[in-house]
Amino acid sequence: MGSCRSSGVLTADAVISADRCKLVSIHAQLTGSAATTVKVFDSATEASGKELARIILQTLPNAAESLQVSTHTVEFDMHGVLALNGLFLQISTGGGTGAAVSVEYN
C-alpha cells in the first residue's frame, strides 16, 4: 500500500492542501451533541468550487438510558479522487462543539 499525507485531526475549517492532489480518505467523529456537517471541496482557499464529499454527523438516542449518544465515527474511502485546485475542509455545526476530522491525501 502506498503512503499518503494527513491533515492531522482538525476541529475547524482549514486549507488541507493548496496544490493539486488526490483525496484518499476522510475520517470524522462527532465530538458534541449538535448535528455537524463536514464538507471537502476541490479548492485551496474557501468552501467553494466542486464539493467532493459531504458527511452529516448527528447524535442518536439511547433508549436504554434516555441520553444522547455522540460517539458516531465514519470513514469515507475516496479512492484517490483528483482535486485539481487543492483541498478545503469545512465543518459546520448548529452550536457547541462539532467534529474531529482528518483528511488523508497524496
# chains A, B, ... in the order shown; residues from 1 in each chain; ligands from 1
$ residues_around --residues "A:Ser48" --least-positions-apart "5" --cutoff "10 Å" --atoms "only C-alpha atoms" --output "ChimeraX atom specification"
/A:40-43,88,90
$ residues_around --residues "A:Leu30" --least-positions-apart "6" --cutoff "8 Å" --atoms "only C-alpha atoms" --output "PDB file with N, CA and C atoms, in the first residue's frame"
ATOM      1  N   THR A  36     -23.627  18.008  12.922  1.00  0.00           N
ATOM      2  CA  THR A  36     -22.488  18.650  12.280  1.00  0.00           C
ATOM      3  C   THR A  36     -22.345  18.141  10.850  1.00  0.00           C
ATOM      4  N   LEU A  57     -23.051  14.252  10.553  1.00  0.00           N
ATOM      5  CA  LEU A  57     -22.935  13.535  11.825  1.00  0.00           C
ATOM      6  C   LEU A  57     -24.006  14.063  12.770  1.00  0.00           C
ATOM      7  N   GLN A  58     -24.684  13.165  13.465  1.00  0.00           N
ATOM      8  CA  GLN A  58     -25.684  13.605  14.436  1.00  0.00           C
ATOM      9  C   GLN A  58     -25.785  12.610  15.573  1.00  0.00           C
ATOM     10  N   THR A  59     -26.296  13.091  16.689  1.00  0.00           N
ATOM     11  CA  THR A  59     -26.462  12.224  17.854  1.00  0.00           C
ATOM     12  C   THR A  59     -27.596  11.243  17.619  1.00  0.00           C
ATOM     13  N   SER A  70     -23.119  10.423  21.324  1.00  0.00           N
ATOM     14  CA  SER A  70     -22.471  11.258  20.320  1.00  0.00           C
ATOM     15  C   SER A  70     -21.070  10.745  19.974  1.00  0.00           C
ATOM     16  N   THR A  71     -20.940   9.445  19.843  1.00  0.00           N
ATOM     17  CA  THR A  71     -19.644   8.872  19.505  1.00  0.00           C
ATOM     18  C   THR A  71     -19.635   8.346  18.081  1.00  0.00           C
ATOM     19  N   HIS A  72     -20.456   8.932  17.233  1.00  0.00           N
ATOM     20  CA  HIS A  72     -20.581   8.500  15.851  1.00  0.00           C
ATOM     21  C   HIS A  72     -19.287   8.781  15.096  1.00  0.00           C
ATOM     22  N   THR A  73     -18.715   7.756  14.498  1.00  0.00           N
ATOM     23  CA  THR A  73     -17.479   7.886  13.731  1.00  0.00           C
ATOM     24  C   THR A  73     -17.674   7.263  12.360  1.00  0.00           C
ATOM     25  N   GLY A  98     -18.327  20.481  17.444  1.00  0.00           N
ATOM     26  CA  GLY A  98     -18.800  19.821  16.240  1.00  0.00           C
ATOM     27  C   GLY A  98     -18.173  18.478  15.987  1.00  0.00           C
ATOM     28  N   ALA A  99     -17.037  18.464  15.285  1.00  0.00           N
ATOM     29  CA  ALA A  99     -16.436  17.208  14.860  1.00  0.00           C
ATOM     30  C   ALA A  99     -14.917  17.303  14.882  1.00  0.00           C
ATOM     31  N   ALA A 100     -14.312  16.150  14.968  1.00  0.00           N
ATOM     32  CA  ALA A 100     -12.867  15.995  14.799  1.00  0.00           C
ATOM     33  C   ALA A 100     -12.680  15.250  13.493  1.00  0.00           C
TER      34      ALA A 100
END
$ select_by_dssp --residues "chain A" --states "strand (DSSP E or B)" --output "JSON, numbers by chain"
{"A": [5, 6, 10, 14, 15, 16, 17, 21, 22, 23, 24, 25, 26, 27, 28, 29, 30, 36, 37, 38, 39, 40, 41, 42, 50, 51, 52, 53, 54, 55, 56, 57, 60, 61, 62, 67, 68, 69, 73, 74, 75, 76, 77, 78, 79, 80, 81, 82, 83, 87, 88, 89, 90, 91, 92, 93, 99, 100, 101, 102, 103, 104, 105]}
$ write_last_selection --atoms "C-alpha atoms" --output "PDB file, in the first residue's frame"
ATOM      1  CA  ARG A   5      -0.147  12.657   3.851  1.00  0.00           C
ATOM      2  CA  SER A   6      -2.591  13.560   6.615  1.00  0.00           C
ATOM      3  CA  LEU A  10      -8.882  19.260  12.761  1.00  0.00           C
ATOM      4  CA  ALA A  14      -8.965  24.633   7.110  1.00  0.00           C
ATOM      5  CA  VAL A  15      -6.978  24.533   3.893  1.00  0.00           C
ATOM      6  CA  ILE A  16      -5.728  20.941   3.655  1.00  0.00           C
ATOM      7  CA  SER A  17      -3.636  21.401   0.511  1.00  0.00           C
ATOM      8  CA  CYS A  21      -3.605  16.234  -5.090  1.00  0.00           C
ATOM      9  CA  LYS A  22      -5.570  13.022  -4.678  1.00  0.00           C
ATOM     10  CA  LEU A  23      -8.136  12.679  -1.882  1.00  0.00           C
ATOM     11  CA  VAL A  24      -7.595   9.266  -0.287  1.00  0.00           C
ATOM     12  CA  SER A  25      -9.937   9.191   2.729  1.00  0.00           C
ATOM     13  CA  ILE A  26     -11.798  11.223   5.334  1.00  0.00           C
ATOM     14  CA  HIS A  27     -12.239  10.219   8.984  1.00  0.00           C
ATOM     15  CA  ALA A  28     -14.806  12.110  11.082  1.00  0.00           C
ATOM     16  CA  GLN A  29     -16.091  11.782  14.638  1.00  0.00           C
ATOM     17  CA  LEU A  30     -18.878  13.785  16.258  1.00  0.00           C
ATOM     18  CA  THR A  36     -22.488  18.650  12.280  1.00  0.00           C
ATOM     19  CA  THR A  37     -21.859  18.702   8.539  1.00  0.00           C
ATOM     20  CA  VAL A  38     -18.374  18.036   7.169  1.00  0.00           C
ATOM     21  CA  LYS A  39     -17.630  19.013   3.564  1.00  0.00           C
ATOM     22  CA  VAL A  40     -14.473  18.704   1.474  1.00  0.00           C
ATOM     23  CA  PHE A  41     -14.087  20.959  -1.563  1.00  0.00           C
ATOM     24  CA  ASP A  42     -11.784  20.990  -4.586  1.00  0.00           C
ATOM     25  CA  LYS A  50     -16.661  21.372  -6.572  1.00  0.00           C
ATOM     26  CA  GLU A  51     -17.864  19.636  -3.405  1.00  0.00           C
ATOM     27  CA  LEU A  52     -16.078  16.278  -3.278  1.00  0.00           C
ATOM     28  CA  ALA A  53     -17.642  14.827  -0.130  1.00  0.00           C
ATOM     29  CA  ARG A  54     -20.322  15.555   2.465  1.00  0.00           C
ATOM     30  CA  ILE A  55     -20.677  13.807   5.815  1.00  0.00           C
ATOM     31  CA  ILE A  56     -23.539  14.552   8.210  1.00  0.00           C
ATOM     32  CA  LEU A  57     -22.935  13.535  11.825  1.00  0.00           C
ATOM     33  CA  LEU A  60     -28.532   9.090  18.206  1.00  0.00           C
ATOM     34  CA  PRO A  61     -30.986   8.485  21.043  1.00  0.00           C
ATOM     35  CA  ASN A  62     -30.029   5.774  23.508  1.00  0.00           C
ATOM     36  CA  LEU A  67     -29.303  10.001  26.800  1.00  0.00           C
ATOM     37  CA  GLN A  68     -27.889  11.222  23.516  1.00  0.00           C
ATOM     38  CA  VAL A  69     -25.004   9.127  22.205  1.00  0.00           C
ATOM     39  CA  THR A  73     -17.479   7.886  13.731  1.00  0.00           C
ATOM     40  CA  VAL A  74     -17.283   7.411   9.968  1.00  0.00           C
ATOM     41  CA  GLU A  75     -14.642   6.811   7.324  1.00  0.00           C
ATOM     42  CA  PHE A  76     -15.070   7.724   3.653  1.00  0.00           C
ATOM     43  CA  ASP A  77     -12.690   5.919   1.299  1.00  0.00           C
ATOM     44  CA  MET A  78     -12.340   8.330  -1.621  1.00  0.00           C
ATOM     45  CA  HIS A  79     -10.151   6.072  -3.815  1.00  0.00           C
ATOM     46  CA  GLY A  80      -7.766   8.856  -4.837  1.00  0.00           C
ATOM     47  CA  VAL A  81     -10.269  11.358  -6.254  1.00  0.00           C
ATOM     48  CA  LEU A  82      -8.314  14.047  -8.100  1.00  0.00           C
ATOM     49  CA  ALA A  83      -8.585  17.544  -6.628  1.00  0.00           C
ATOM     50  CA  LEU A  87      -8.464  20.642  -0.711  1.00  0.00           C
ATOM     51  CA  PHE A  88     -10.521  22.746   1.694  1.00  0.00           C
ATOM     52  CA  LEU A  89     -12.305  21.343   4.758  1.00  0.00           C
ATOM     53  CA  GLN A  90     -15.496  22.931   6.102  1.00  0.00           C
ATOM     54  CA  ILE A  91     -17.026  21.904   9.444  1.00  0.00           C
ATOM     55  CA  SER A  92     -20.477  23.379  10.180  1.00  0.00           C
ATOM     56  CA  THR A  93     -22.384  22.853  13.397  1.00  0.00           C
ATOM     57  CA  ALA A  99     -16.436  17.208  14.860  1.00  0.00           C
ATOM     58  CA  ALA A 100     -12.867  15.995  14.799  1.00  0.00           C
ATOM     59  CA  VAL A 101     -11.825  15.298  11.200  1.00  0.00           C
ATOM     60  CA  SER A 102      -8.690  14.050   9.473  1.00  0.00           C
ATOM     61  CA  VAL A 103      -8.182  14.098   5.725  1.00  0.00           C
ATOM     62  CA  GLU A 104      -5.682  11.800   4.023  1.00  0.00           C
ATOM     63  CA  TYR A 105      -4.351  12.723   0.589  1.00  0.00           C
TER      64      TYR A 105
END
